[in-house]
Each structure stands twice: as structure tokens, then as C-alpha cells.
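See below for target-v8.tsv, which holds TSV, C-alpha atoms.
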chain	number	residue	atom	x	y	z
A	385	MET	CA	51.38	84.35	-50.21
A	386	GLU	CA	49.61	81.05	-49.62
A	387	PRO	CA	50.24	78.31	-52.21
A	388	ARG	CA	47.24	77.70	-54.45
A	389	ASN	CA	45.58	74.32	-54.33
A	390	ASN	CA	45.55	73.14	-57.96
A	391	VAL	CA	45.41	69.39	-57.28
A	392	THR	CA	41.97	67.85	-57.77
A	393	GLU	CA	42.99	64.19	-57.90
A	394	PHE	CA	45.82	61.90	-56.88
A	395	VAL	CA	47.51	59.05	-58.72
A	396	LEU	CA	47.98	55.89	-56.64
A	397	LEU	CA	51.01	53.76	-57.51
A	398	GLY	CA	49.45	50.70	-55.89
A	399	LEU	CA	51.26	47.63	-54.58
A	400	THR	CA	53.10	46.79	-57.78
A	401	GLN	CA	53.67	48.18	-61.27
A	402	SER	CA	53.89	44.72	-62.85
A	403	PRO	CA	50.82	43.88	-65.02
A	404	PHE	CA	51.21	40.17	-64.22
A	405	GLY	CA	51.63	40.91	-60.51
A	406	GLN	CA	48.48	43.04	-60.56
A	407	LYS	CA	46.48	40.14	-62.05
A	408	ILE	CA	47.74	37.78	-59.35
A	409	LEU	CA	46.94	40.31	-56.62
A	410	PHE	CA	43.47	40.89	-58.11
A	411	VAL	CA	42.61	37.20	-57.70
A	412	VAL	CA	44.22	36.93	-54.24
A	413	PHE	CA	42.57	40.02	-52.75
A	414	LEU	CA	39.20	39.24	-54.33
A	415	LEU	CA	39.25	35.83	-52.61
A	416	ILE	CA	40.39	37.41	-49.34
A	417	TYR	CA	37.60	40.00	-49.48
A	418	MET	CA	34.96	37.33	-50.19
A	419	VAL	CA	36.21	35.22	-47.27
A	420	THR	CA	36.28	38.32	-45.04
A	421	LEU	CA	32.69	39.28	-45.83
A	422	PHE	CA	31.36	35.73	-45.61
A	423	GLY	CA	33.17	34.91	-42.37
A	424	ASN	CA	32.32	38.11	-40.51
A	425	LEU	CA	28.71	38.30	-41.67
A	426	LEU	CA	28.29	34.62	-40.76
A	427	ILE	CA	29.35	35.46	-37.21
A	428	VAL	CA	26.94	38.43	-37.13
A	429	VAL	CA	24.02	36.28	-38.32
A	430	THR	CA	24.94	33.44	-35.94
A	431	VAL	CA	25.05	35.79	-32.94
A	432	VAL	CA	21.73	37.40	-33.90
A	433	VAL	CA	19.72	34.21	-34.50
A	434	SER	CA	21.27	31.84	-31.92
A	435	PRO	CA	19.58	31.96	-28.49
A	436	THR	CA	22.59	30.21	-26.91
A	437	LEU	CA	24.85	33.17	-27.75
A	438	GLY	CA	23.14	35.72	-25.54
A	439	ALA	CA	26.18	36.40	-23.34
A	440	PRO	CA	27.66	39.93	-23.46
A	441	MET	CA	30.85	38.54	-25.00
A	442	TYR	CA	28.93	37.54	-28.15
A	443	PHE	CA	27.19	40.91	-28.24
A	444	PHE	CA	30.58	42.58	-28.66
A	445	LEU	CA	31.84	39.83	-30.97
A	446	GLY	CA	28.88	40.41	-33.30
A	447	TYR	CA	29.59	44.13	-33.53
A	448	LEU	CA	33.33	43.53	-33.91
A	449	SER	CA	32.65	41.23	-36.86
A	450	PHE	CA	30.33	43.82	-38.38
A	451	MET	CA	33.05	46.47	-37.98
A	452	ASP	CA	35.57	44.14	-39.62
A	453	ALA	CA	33.31	43.70	-42.64
A	454	VAL	CA	32.75	47.46	-42.97
A	455	TYR	CA	36.39	48.32	-42.21
A	456	SER	CA	37.64	45.97	-44.92
A	457	THR	CA	35.05	47.36	-47.37
A	458	THR	CA	36.50	50.85	-46.87
A	459	VAL	CA	39.71	49.85	-48.65
A	460	THR	CA	39.59	46.45	-50.35
A	461	PRO	CA	36.95	46.91	-53.12
A	462	SER	CA	38.54	50.11	-54.46
A	463	MET	CA	41.99	48.50	-54.37
A	464	ILE	CA	40.71	45.42	-56.22
A	465	ILE	CA	39.12	47.59	-58.92
A	466	ASP	CA	42.30	49.68	-59.24
A	467	LEU	CA	44.28	46.51	-60.00
A	468	LEU	CA	42.34	46.28	-63.29
A	469	TYR	CA	43.50	49.71	-64.46
A	470	GLU	CA	46.93	50.91	-65.53
A	471	LYS	CA	46.36	54.39	-64.06
A	472	LYS	CA	44.82	54.47	-60.61
A	473	THR	CA	43.34	57.82	-59.59
A	474	ILE	CA	41.29	59.10	-56.68
A	475	SER	CA	39.78	62.57	-56.31
A	476	LEU	CA	40.84	64.83	-53.46
A	477	GLN	CA	37.34	64.63	-51.98
A	478	ASP	CA	37.25	60.82	-52.18
A	479	CYS	CA	40.74	60.68	-50.68
A	480	LEU	CA	39.66	62.71	-47.65
A	481	THR	CA	36.49	60.63	-47.33
A	482	GLN	CA	38.51	57.41	-47.36
A	483	ILE	CA	40.80	58.70	-44.62
A	484	PHE	CA	37.83	59.70	-42.47
A	485	VAL	CA	35.90	56.44	-42.91
A	486	LEU	CA	39.01	54.28	-42.44
A	487	HIS	CA	39.94	55.95	-39.15
A	488	LEU	CA	36.31	56.08	-38.03
A	489	PHE	CA	35.76	52.33	-38.22
A	490	GLY	CA	39.33	51.57	-37.16
A	491	GLY	CA	38.81	53.68	-34.05
A	492	VAL	CA	35.47	52.02	-33.27
A	493	GLU	CA	37.05	48.58	-33.65
A	494	ILE	CA	39.88	49.42	-31.26
A	495	LEU	CA	37.43	50.58	-28.59
A	496	ILE	CA	35.27	47.48	-29.07
A	497	LEU	CA	38.39	45.42	-28.36
A	498	VAL	CA	38.75	47.41	-25.13
A	499	SER	CA	35.12	46.63	-24.25
A	500	MET	CA	35.74	42.94	-24.92
A	501	ALA	CA	38.75	42.98	-22.60
A	502	PHE	CA	36.63	44.61	-19.88
A	503	ASP	CA	33.94	41.98	-20.45
A	504	ARG	CA	36.47	39.13	-20.00
A	505	TYR	CA	37.88	40.80	-16.88
A	506	VAL	CA	34.44	40.98	-15.25
A	507	ALA	CA	33.52	37.44	-16.36
A	508	ILE	CA	36.68	35.86	-14.93
A	509	CYS	CA	37.54	38.09	-11.98
A	510	LYS	CA	33.99	38.90	-10.81
A	511	PRO	CA	31.89	35.97	-12.07
A	512	LEU	CA	29.13	36.29	-9.46
A	513	HIS	CA	28.42	39.89	-10.52
A	514	TYR	CA	29.01	39.38	-14.25
A	515	MET	CA	25.44	39.69	-15.54
A	516	THR	CA	24.70	42.52	-13.11
A	517	ILE	CA	27.71	44.58	-14.22
A	518	MET	CA	27.50	43.71	-17.92
A	519	ASN	CA	23.78	44.36	-18.24
A	520	ARG	CA	22.12	45.51	-21.46
A	521	ARG	CA	22.43	49.19	-20.59
A	522	VAL	CA	26.18	48.94	-19.92
A	523	ARG	CA	26.74	47.00	-23.15
A	524	PHE	CA	25.01	49.61	-25.28
A	525	LEU	CA	26.76	52.41	-23.39
A	526	LEU	CA	30.16	50.85	-24.15
A	527	LEU	CA	29.16	50.46	-27.80
A	528	LEU	CA	28.03	54.10	-27.92
A	529	LEU	CA	31.30	55.25	-26.38
A	530	ALA	CA	33.19	53.22	-29.00
A	531	CYS	CA	31.26	54.94	-31.81
A	532	VAL	CA	31.74	58.41	-30.32
A	533	GLY	CA	35.44	57.75	-29.71
A	534	GLY	CA	35.92	56.52	-33.28
A	535	PHE	CA	34.16	59.59	-34.65
A	536	VAL	CA	36.26	62.01	-32.57
A	537	HIS	CA	39.42	60.19	-33.67
A	538	ALA	CA	38.46	60.37	-37.37
A	539	ILE	CA	37.12	63.93	-37.40
A	540	THR	CA	40.36	65.16	-35.79
A	541	HIS	CA	42.31	63.83	-38.76
A	542	LEU	CA	39.85	65.28	-41.26
A	543	LEU	CA	39.88	68.76	-39.72
A	544	PHE	CA	43.67	68.94	-39.86
A	545	VAL	CA	44.08	67.77	-43.48
A	546	TYR	CA	40.90	69.23	-45.03
A	547	ASN	CA	42.39	72.63	-45.88
A	548	LEU	CA	45.91	71.51	-46.71
A	549	PRO	CA	47.18	73.05	-49.99
A	550	PHE	CA	48.40	70.67	-52.71
A	551	CYS	CA	50.19	72.43	-55.54
A	552	GLY	CA	52.97	70.10	-56.63
A	553	SER	CA	53.17	66.35	-57.20
A	554	ASN	CA	49.93	64.39	-56.99
A	555	ILE	CA	51.50	60.91	-56.93
A	556	ILE	CA	50.85	58.81	-53.80
A	557	ASP	CA	53.13	55.79	-53.40
A	558	HIS	CA	50.40	53.69	-51.85
A	559	PHE	CA	47.28	51.72	-52.78
A	560	MET	CA	45.01	53.97	-50.67
A	561	CYS	CA	44.85	57.41	-49.10
A	562	ASP	CA	46.32	57.76	-45.64
A	563	ILE	CA	47.63	60.57	-43.48
A	564	TYR	CA	51.41	60.32	-43.90
A	565	PRO	CA	51.44	59.91	-47.73
A	566	LEU	CA	49.07	62.90	-47.96
A	567	LEU	CA	51.16	65.10	-45.67
A	568	LYS	CA	54.20	64.33	-47.83
A	569	LEU	CA	52.52	66.07	-50.81
A	570	ALA	CA	51.28	69.18	-49.00
A	571	CYS	CA	52.79	72.54	-50.02
A	572	THR	CA	53.17	73.76	-46.46
A	573	ASP	CA	54.84	72.91	-43.17
A	574	THR	CA	53.04	69.87	-41.74
A	575	SER	CA	55.19	69.27	-38.66
A	576	ILE	CA	52.40	70.25	-36.23
A	577	ILE	CA	49.88	68.05	-38.03
A	578	GLY	CA	52.41	65.22	-38.03
A	579	PHE	CA	52.76	65.56	-34.27
A	580	THR	CA	48.98	65.35	-33.82
A	581	VAL	CA	48.98	62.14	-35.89
A	582	ILE	CA	51.65	60.64	-33.64
A	583	VAL	CA	49.50	61.51	-30.61
A	584	ASN	CA	46.10	60.66	-32.12
A	585	ASP	CA	47.25	57.38	-33.67
A	586	GLY	CA	50.59	56.23	-32.38
A	587	ALA	CA	50.46	57.24	-28.72
A	588	VAL	CA	46.81	56.22	-28.36
A	589	CYS	CA	47.57	52.81	-29.92
A	590	ILE	CA	50.51	52.25	-27.56
A	591	ILE	CA	48.51	53.24	-24.47
A	592	ILE	CA	45.51	51.08	-25.38
A	593	PHE	CA	47.75	48.18	-26.42
A	594	LEU	CA	49.61	48.28	-23.09
A	595	LEU	CA	46.34	48.57	-21.13
A	596	LEU	CA	44.94	45.56	-22.98
A	597	LEU	CA	48.07	43.51	-22.31
A	598	ILE	CA	47.99	44.47	-18.61
A	599	SER	CA	44.28	43.61	-18.35
A	600	TYR	CA	44.83	40.19	-19.90
A	601	ALA	CA	47.83	39.61	-17.63
A	602	VAL	CA	45.56	40.30	-14.64
A	603	ILE	CA	42.94	37.97	-16.09
A	604	LEU	CA	45.45	35.17	-16.67
A	605	HIS	CA	46.80	35.61	-13.14
A	606	SER	CA	43.26	35.16	-11.81
A	607	LEU	CA	42.80	31.83	-13.59
A	608	LYS	CA	44.42	29.97	-10.69
A	609	ASN	CA	41.14	30.40	-8.80
A	610	LEU	CA	39.12	28.59	-11.46
A	611	SER	CA	38.50	24.90	-12.00
A	612	GLN	CA	40.49	23.06	-14.66
A	613	GLU	CA	37.56	23.23	-17.10
A	614	GLY	CA	36.96	26.91	-16.38
A	615	ARG	CA	40.66	27.61	-16.78
A	616	ARG	CA	40.75	25.84	-20.14
A	617	LYS	CA	37.71	27.73	-21.43
A	618	ALA	CA	39.00	31.10	-20.20
A	619	LEU	CA	42.44	30.47	-21.73
A	620	SER	CA	40.85	29.64	-25.07
A	621	THR	CA	38.75	32.82	-25.09
A	622	CYS	CA	41.52	35.12	-23.85
A	623	GLY	CA	43.97	33.51	-26.25
A	624	SER	CA	41.72	34.49	-29.16
A	625	HIS	CA	41.45	38.06	-27.91
A	626	ILE	CA	45.18	38.44	-27.28
A	627	THR	CA	46.00	37.07	-30.75
A	628	LEU	CA	43.64	39.55	-32.37
A	629	VAL	CA	44.98	42.46	-30.31
A	630	VAL	CA	48.59	41.71	-31.29
A	631	LEU	CA	47.74	41.24	-34.99
A	632	PHE	CA	45.88	44.55	-35.12
A	633	PHE	CA	47.98	46.81	-32.90
A	634	VAL	CA	51.57	45.90	-33.74
A	635	PRO	CA	51.39	46.98	-37.42
A	636	CYS	CA	49.45	50.13	-36.46
A	637	ILE	CA	52.02	51.08	-33.84
A	638	PHE	CA	54.92	50.58	-36.23
A	639	THR	CA	53.15	52.69	-38.88
A	640	TYR	CA	52.20	55.68	-36.73
A	641	VAL	CA	54.67	55.81	-33.83
A	642	ARG	CA	57.38	57.65	-35.73
A	643	PRO	CA	57.94	61.09	-37.28
A	644	PRO	CA	55.78	61.67	-40.39
A	645	SER	CA	57.42	59.68	-43.16
A	646	THR	CA	56.68	56.95	-45.65
A	647	LEU	CA	58.63	53.69	-45.80
A	648	PRO	CA	58.49	50.87	-48.38
A	649	ILE	CA	57.18	48.49	-45.70
A	650	ASP	CA	54.18	50.74	-44.97
A	651	LYS	CA	52.12	49.28	-47.81
A	652	SER	CA	52.65	45.73	-46.57
A	653	LEU	CA	51.75	46.71	-42.99
A	654	THR	CA	48.61	48.50	-44.20
A	655	VAL	CA	47.58	45.41	-46.15
A	656	PHE	CA	47.97	43.39	-42.98
A	657	TYR	CA	45.82	45.47	-40.61
A	658	THR	CA	43.20	46.62	-43.14
A	659	ILE	CA	42.78	43.45	-45.24
A	660	ILE	CA	44.41	40.38	-43.67
A	661	THR	CA	43.44	40.89	-40.02
A	662	PRO	CA	39.69	41.36	-40.73
A	663	MET	CA	39.81	38.05	-42.61
A	664	LEU	CA	41.60	36.24	-39.77
A	665	ASN	CA	39.23	37.43	-37.04
A	666	PRO	CA	36.40	34.97	-37.88
A	667	LEU	CA	38.90	32.09	-38.02
A	668	ILE	CA	40.48	33.07	-34.71
A	669	TYR	CA	37.13	33.27	-32.90
A	670	THR	CA	35.32	30.32	-34.46
A	671	LEU	CA	38.16	27.79	-34.36
A	672	ARG	CA	38.85	28.44	-30.67
A	673	ASN	CA	35.26	28.84	-29.47
A	674	ALA	CA	33.21	25.67	-28.98
A	675	GLU	CA	29.92	27.51	-28.40
A	676	MET	CA	30.30	29.47	-31.63
A	677	LYS	CA	31.08	26.32	-33.63
A	678	ILE	CA	28.04	24.52	-32.19
A	679	ALA	CA	25.79	27.51	-32.95
A	680	MET	CA	27.10	27.68	-36.53
A	681	LYS	CA	26.44	23.95	-37.04
A	682	LYS	CA	22.87	24.39	-35.79
A	683	LEU	CA	22.40	27.39	-38.09
A	684	TRP	CA	23.73	25.43	-41.06
A	685	SER	CA	21.46	22.47	-40.23
A	686	SER	CA	18.38	24.73	-40.03
A	687	ILE	CA	19.27	26.31	-43.40
A	688	ARG	CA	19.64	22.91	-45.08
A	689	LYS	CA	16.19	21.86	-43.83

Whole structure, C-alpha cells version:
Amino acid sequence: MEPRNNVTEFVLLGLTQSPFGQKILFVVFLLIYMVTLFGNLLIVVTVVVSPTLGAPMYFFLGYLSFMDAVYSTTVTPSMIIDLLYEKKTISLQDCLTQIFVLHLFGGVEILILVSMAFDRYVAICKPLHYMTIMNRRVRFLLLLLACVGGFVHAITHLLFVYNLPFCGSNIIDHFMCDIYPLLKLACTDTSIIGFTVIVNDGAVCIIIFLLLLISYAVILHSLKNLSQEGRRKALSTCGSHITLVVLFFVPCIFTYVRPPSTLPIDKSLTVFYTIITPMLNPLIYTLRNAEMKIAMKKLWSSIRK
């Protein structure tokens, strides 16, 4: 006889049970979220309105920043609001929705990073054919593939967990809904689903991470053919991309490349790649990109007038 699903909502334990700690975290994460939205949307607006940022690299950077703003919004506002309440609950339907949306935009962001790596490879290794290869059609095709790939990644998770029975504990030791904490509460054998998570998240992250590192190694090896100024500019751009890739992928790999389980460090890692990294992205790209800083100064000057 199949176990009956009598759980309609889950209780989230959050990051801390201390009332004082929750107040501190409320202020900290509210500031982080405001900086994340402002920084990423500023990049989006700058890319859209600045005629000097028409290169394909800035096309992808604009969409990456937009994804960062949306990706952070999937988790951060609800977590901030929960910090004001002693009991933090989320309905089963909202929990499944959060998982789907989180993995949707996370998947799209990962594939945009792949597109950006391809863009840098063409720009540095095949500079004479750069605008021909990275034409408008190719850019939108890569963006479309990123969206489709993110959707397939997210819907796979949703299909596997949608009909899971929950008939026991409804307490999730996390500040959000995610796959492994949810599988831990299911009243059935979830070993097969856990394996699909390792493949769909962990293995995919490792493969893409290694491919990105190899591609940037090839790019850096090709820098010897550039002038000193071209080498400096390429190193600055690739350095930004590599930093972002490491910050995003390493926590994800540690979280998902293991048998289904929950560890105390998982909450801290999730905070890093869902909240901290989207905030750091604007800083990483603007502080190391002269063209972006000049465009932002011009935008600010036009606003003040």
C-alpha cells in the first residue's frame, strides 16, 4: 500500500534559531539583496543604452546580470521575510515551484557562462572572424539554447519530485526548498531520484566546469600571439570570467556531487552561490572592465544633467 501524502506545508528551520542572530541576518541580507539588484540592473541598463557596448561580450553580460537579479530574487526575498517570523513555513506547492524556478535560472546562468567562454575564445583565437562568427543570429541562438537547457534541467527535477509522498516529518533544516532536503523527508525509496540529481546537477556541473577551465587554458595559451596591450586586456576580461566560474561552480559541485544527503555546511554553500555570488558579479565585471566603467560614468553624467 502506497503511503498517503498528508503533508501540505513544510517548516523551514532557517540559518539560525537565535532571535538576535535573525535580526542581524535580516539587515545583512537585505543590504546584500539591494546591492545585488542595483548592481546587476545597472549593468543591464548600461549595456542597453550605451552604444559603445555593442560587442557580443556585453550582450551576454547584460543577460547574465539579468539572470543574476532574477536568480537572487528566487530565494533572497522569501528568506529575508522569514527572518521576521518565529515559524517559517512554505506550502508544498510553493516548495516545488521554488525548486523549479531556482534550477531554471541557475541552469540558464550556467549555459550563459558557457556562451561567454565561447565568445572569448572566438575573440582571442579567431579575431579576424569574430564579428562574422558571433553575429546577431548566433548570439540569440546561444541565448535560446541556454533557456531551453535551463528549462529541461529544471523540469527534470520537478517531474521526479512532483509525486513524491510525504507522510512523516515536515521539517526542512534549510532556509529554502531544495532537492536533497526534500528527498530526505519522502516516505519512499529515493535512491533512483538521488542518482538522477547527481547526474543532472553534479556530473553536469563537473563536465561544464572542466570544459570552461580547458577553454580558458586554451585562450590564455593563445595570448602569446597578442600585443602587450591586447594581452593585458584579454587577461583582465578572462580573469573576471574565471573568477566568476570558480565562485559559482565550486560550491555547486560540492553540494551535488555526492550521494543524497544533507550536511551542516550545505546552508552556507547555498547562501554563497544563490545570494553572495550574484552580488559579486557586478563588482567583478565593472572593476576589471575599463569600457564598462567608462560607459557607467557617461550614463551617470547624462542622468545628472

Report as a list in words all protein, DNA and RNA residues lying within 12 Å of His605 in chain A, evaluated on only C-alpha atoms, omitting residues in the same chain fewer than 2 positions from it. Tyr505, Ile508, Cys509, Ile598, Ser599, Tyr600, Ala601, Val602, Ile603, Leu607, Lys608, Asn609, Leu610, Arg615, Ala618, Leu619 and Cys622 of chain A

Rank A:Asn547, A:Thr670, A:Thr400, A:Thr420 by their smallest atom-to-atom distance to Ser652 in chain A, using only C-alpha atoms, and report the top residue only. A:Thr400

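Proximity of A:Lys568, A:Lys681, A:Lys651, A:His625 to Phe550 in chain A, computed with all atoms listed in the file, is greatest for A:Lys568.
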
Of the listed residues A:Phe443, A:Phe410, A:Phe524, A:Tyr564, that which approaches Tyr469 in chain A most closely, counting only C-alpha atoms: A:Phe410

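Across the model, the gap from CA of Leu529 in chain A to CA of Asp562 in chain A is 24.6 Å.
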
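When CA of Phe544 in chain A is paired with CA of Thr580 in chain A, their separation reads 8.8 Å.
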
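Interatomic distance, CA of Asn665 in chain A to CA of Leu604 in chain A: 21.4 Å.
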
Could you add N, CA and C atoms to range 484-516 of chain A and give me the result as an mmCIF file, keeping the file's coordinate frame?
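So rebuild_11.cif came out as:
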data_model
loop_
_atom_site.group_PDB
_atom_site.id
_atom_site.type_symbol
_atom_site.label_atom_id
_atom_site.label_comp_id
_atom_site.auth_asym_id
_atom_site.auth_seq_id
_atom_site.Cartn_x
_atom_site.Cartn_y
_atom_site.Cartn_z
ATOM 1 N N PHE A 484 38.786 59.553 -43.573
ATOM 2 C CA PHE A 484 37.830 59.700 -42.470
ATOM 3 C C PHE A 484 37.161 58.374 -42.132
ATOM 4 N N VAL A 485 36.638 57.690 -43.141
ATOM 5 C CA VAL A 485 35.900 56.440 -42.910
ATOM 6 C C VAL A 485 36.830 55.359 -42.361
ATOM 7 N N LEU A 486 38.053 55.280 -42.901
ATOM 8 C CA LEU A 486 39.010 54.280 -42.440
ATOM 9 C C LEU A 486 39.325 54.463 -40.964
ATOM 10 N N HIS A 487 39.598 55.708 -40.554
ATOM 11 C CA HIS A 487 39.940 55.950 -39.150
ATOM 12 C C HIS A 487 38.708 55.912 -38.252
ATOM 13 N N LEU A 488 37.541 56.191 -38.802
ATOM 14 C CA LEU A 488 36.310 56.080 -38.030
ATOM 15 C C LEU A 488 36.088 54.636 -37.588
ATOM 16 N N PHE A 489 36.041 53.722 -38.547
ATOM 17 C CA PHE A 489 35.760 52.330 -38.220
ATOM 18 C C PHE A 489 36.946 51.653 -37.535
ATOM 19 N N GLY A 490 38.166 52.086 -37.879
ATOM 20 C CA GLY A 490 39.330 51.570 -37.160
ATOM 21 C C GLY A 490 39.297 51.960 -35.698
ATOM 22 N N GLY A 491 38.914 53.215 -35.425
ATOM 23 C CA GLY A 491 38.810 53.680 -34.050
ATOM 24 C C GLY A 491 37.722 52.965 -33.276
ATOM 25 N N VAL A 492 36.568 52.746 -33.917
ATOM 26 C CA VAL A 492 35.470 52.020 -33.270
ATOM 27 C C VAL A 492 35.908 50.593 -32.942
ATOM 28 N N GLU A 493 36.603 49.957 -33.876
ATOM 29 C CA GLU A 493 37.050 48.580 -33.650
ATOM 30 C C GLU A 493 38.013 48.484 -32.476
ATOM 31 N N ILE A 494 38.934 49.434 -32.379
ATOM 32 C CA ILE A 494 39.880 49.420 -31.260
ATOM 33 C C ILE A 494 39.151 49.520 -29.927
ATOM 34 N N LEU A 495 38.160 50.394 -29.853
ATOM 35 C CA LEU A 495 37.430 50.580 -28.590
ATOM 36 C C LEU A 495 36.501 49.412 -28.295
ATOM 37 N N ILE A 496 36.032 48.712 -29.309
ATOM 38 C CA ILE A 496 35.270 47.480 -29.070
ATOM 39 C C ILE A 496 36.174 46.414 -28.476
ATOM 40 N N LEU A 497 37.417 46.351 -28.941
ATOM 41 C CA LEU A 497 38.390 45.420 -28.360
ATOM 42 C C LEU A 497 38.614 45.729 -26.876
ATOM 43 N N VAL A 498 38.625 47.016 -26.528
ATOM 44 C CA VAL A 498 38.750 47.410 -25.130
ATOM 45 C C VAL A 498 37.529 46.927 -24.336
ATOM 46 N N SER A 499 36.347 47.082 -24.903
ATOM 47 C CA SER A 499 35.120 46.630 -24.250
ATOM 48 C C SER A 499 35.133 45.118 -24.047
ATOM 49 N N MET A 500 35.655 44.392 -25.031
ATOM 50 C CA MET A 500 35.740 42.940 -24.920
ATOM 51 C C MET A 500 36.718 42.526 -23.821
ATOM 52 N N ALA A 501 37.806 43.267 -23.672
ATOM 53 C CA ALA A 501 38.750 42.980 -22.600
ATOM 54 C C ALA A 501 38.112 43.230 -21.234
ATOM 55 N N PHE A 502 37.348 44.315 -21.129
ATOM 56 C CA PHE A 502 36.630 44.610 -19.880
ATOM 57 C C PHE A 502 35.612 43.518 -19.578
ATOM 58 N N ASP A 503 34.920 43.063 -20.609
ATOM 59 C CA ASP A 503 33.940 41.980 -20.450
ATOM 60 C C ASP A 503 34.607 40.718 -19.914
ATOM 61 N N ARG A 504 35.762 40.336 -20.467
ATOM 62 C CA ARG A 504 36.470 39.130 -20.000
ATOM 63 C C ARG A 504 36.985 39.319 -18.577
ATOM 64 N N TYR A 505 37.408 40.539 -18.239
ATOM 65 C CA TYR A 505 37.880 40.800 -16.880
ATOM 66 C C TYR A 505 36.749 40.578 -15.872
ATOM 67 N N VAL A 506 35.584 41.131 -16.159
ATOM 68 C CA VAL A 506 34.440 40.980 -15.250
ATOM 69 C C VAL A 506 34.020 39.517 -15.177
ATOM 70 N N ALA A 507 33.975 38.831 -16.324
ATOM 71 C CA ALA A 507 33.520 37.440 -16.360
ATOM 72 C C ALA A 507 34.421 36.518 -15.551
ATOM 73 N N ILE A 508 35.733 36.762 -15.583
ATOM 74 C CA ILE A 508 36.680 35.860 -14.930
ATOM 75 C C ILE A 508 37.006 36.298 -13.504
ATOM 76 N N CYS A 509 37.142 37.592 -13.295
ATOM 77 C CA CYS A 509 37.540 38.090 -11.980
ATOM 78 C C CYS A 509 36.361 38.366 -11.052
ATOM 79 N N LYS A 510 35.186 38.638 -11.619
ATOM 80 C CA LYS A 510 33.990 38.900 -10.810
ATOM 81 C C LYS A 510 32.803 38.106 -11.369
ATOM 82 N N PRO A 511 32.914 36.783 -11.403
ATOM 83 C CA PRO A 511 31.890 35.970 -12.070
ATOM 84 C C PRO A 511 30.497 36.060 -11.432
ATOM 85 N N LEU A 512 30.433 36.236 -10.126
ATOM 86 C CA LEU A 512 29.130 36.290 -9.460
ATOM 87 C C LEU A 512 28.362 37.569 -9.796
ATOM 88 N N HIS A 513 29.067 38.611 -10.202
ATOM 89 C CA HIS A 513 28.420 39.890 -10.520
ATOM 90 C C HIS A 513 28.439 40.175 -12.025
ATOM 91 N N TYR A 514 28.802 39.172 -12.818
ATOM 92 C CA TYR A 514 29.010 39.380 -14.250
ATOM 93 C C TYR A 514 27.777 39.940 -14.952
ATOM 94 N N MET A 515 26.641 39.255 -14.836
ATOM 95 C CA MET A 515 25.440 39.690 -15.540
ATOM 96 C C MET A 515 24.879 40.994 -14.979
ATOM 97 N N THR A 516 25.156 41.256 -13.706
ATOM 98 C CA THR A 516 24.700 42.520 -13.110
ATOM 99 C C THR A 516 25.514 43.694 -13.654
#
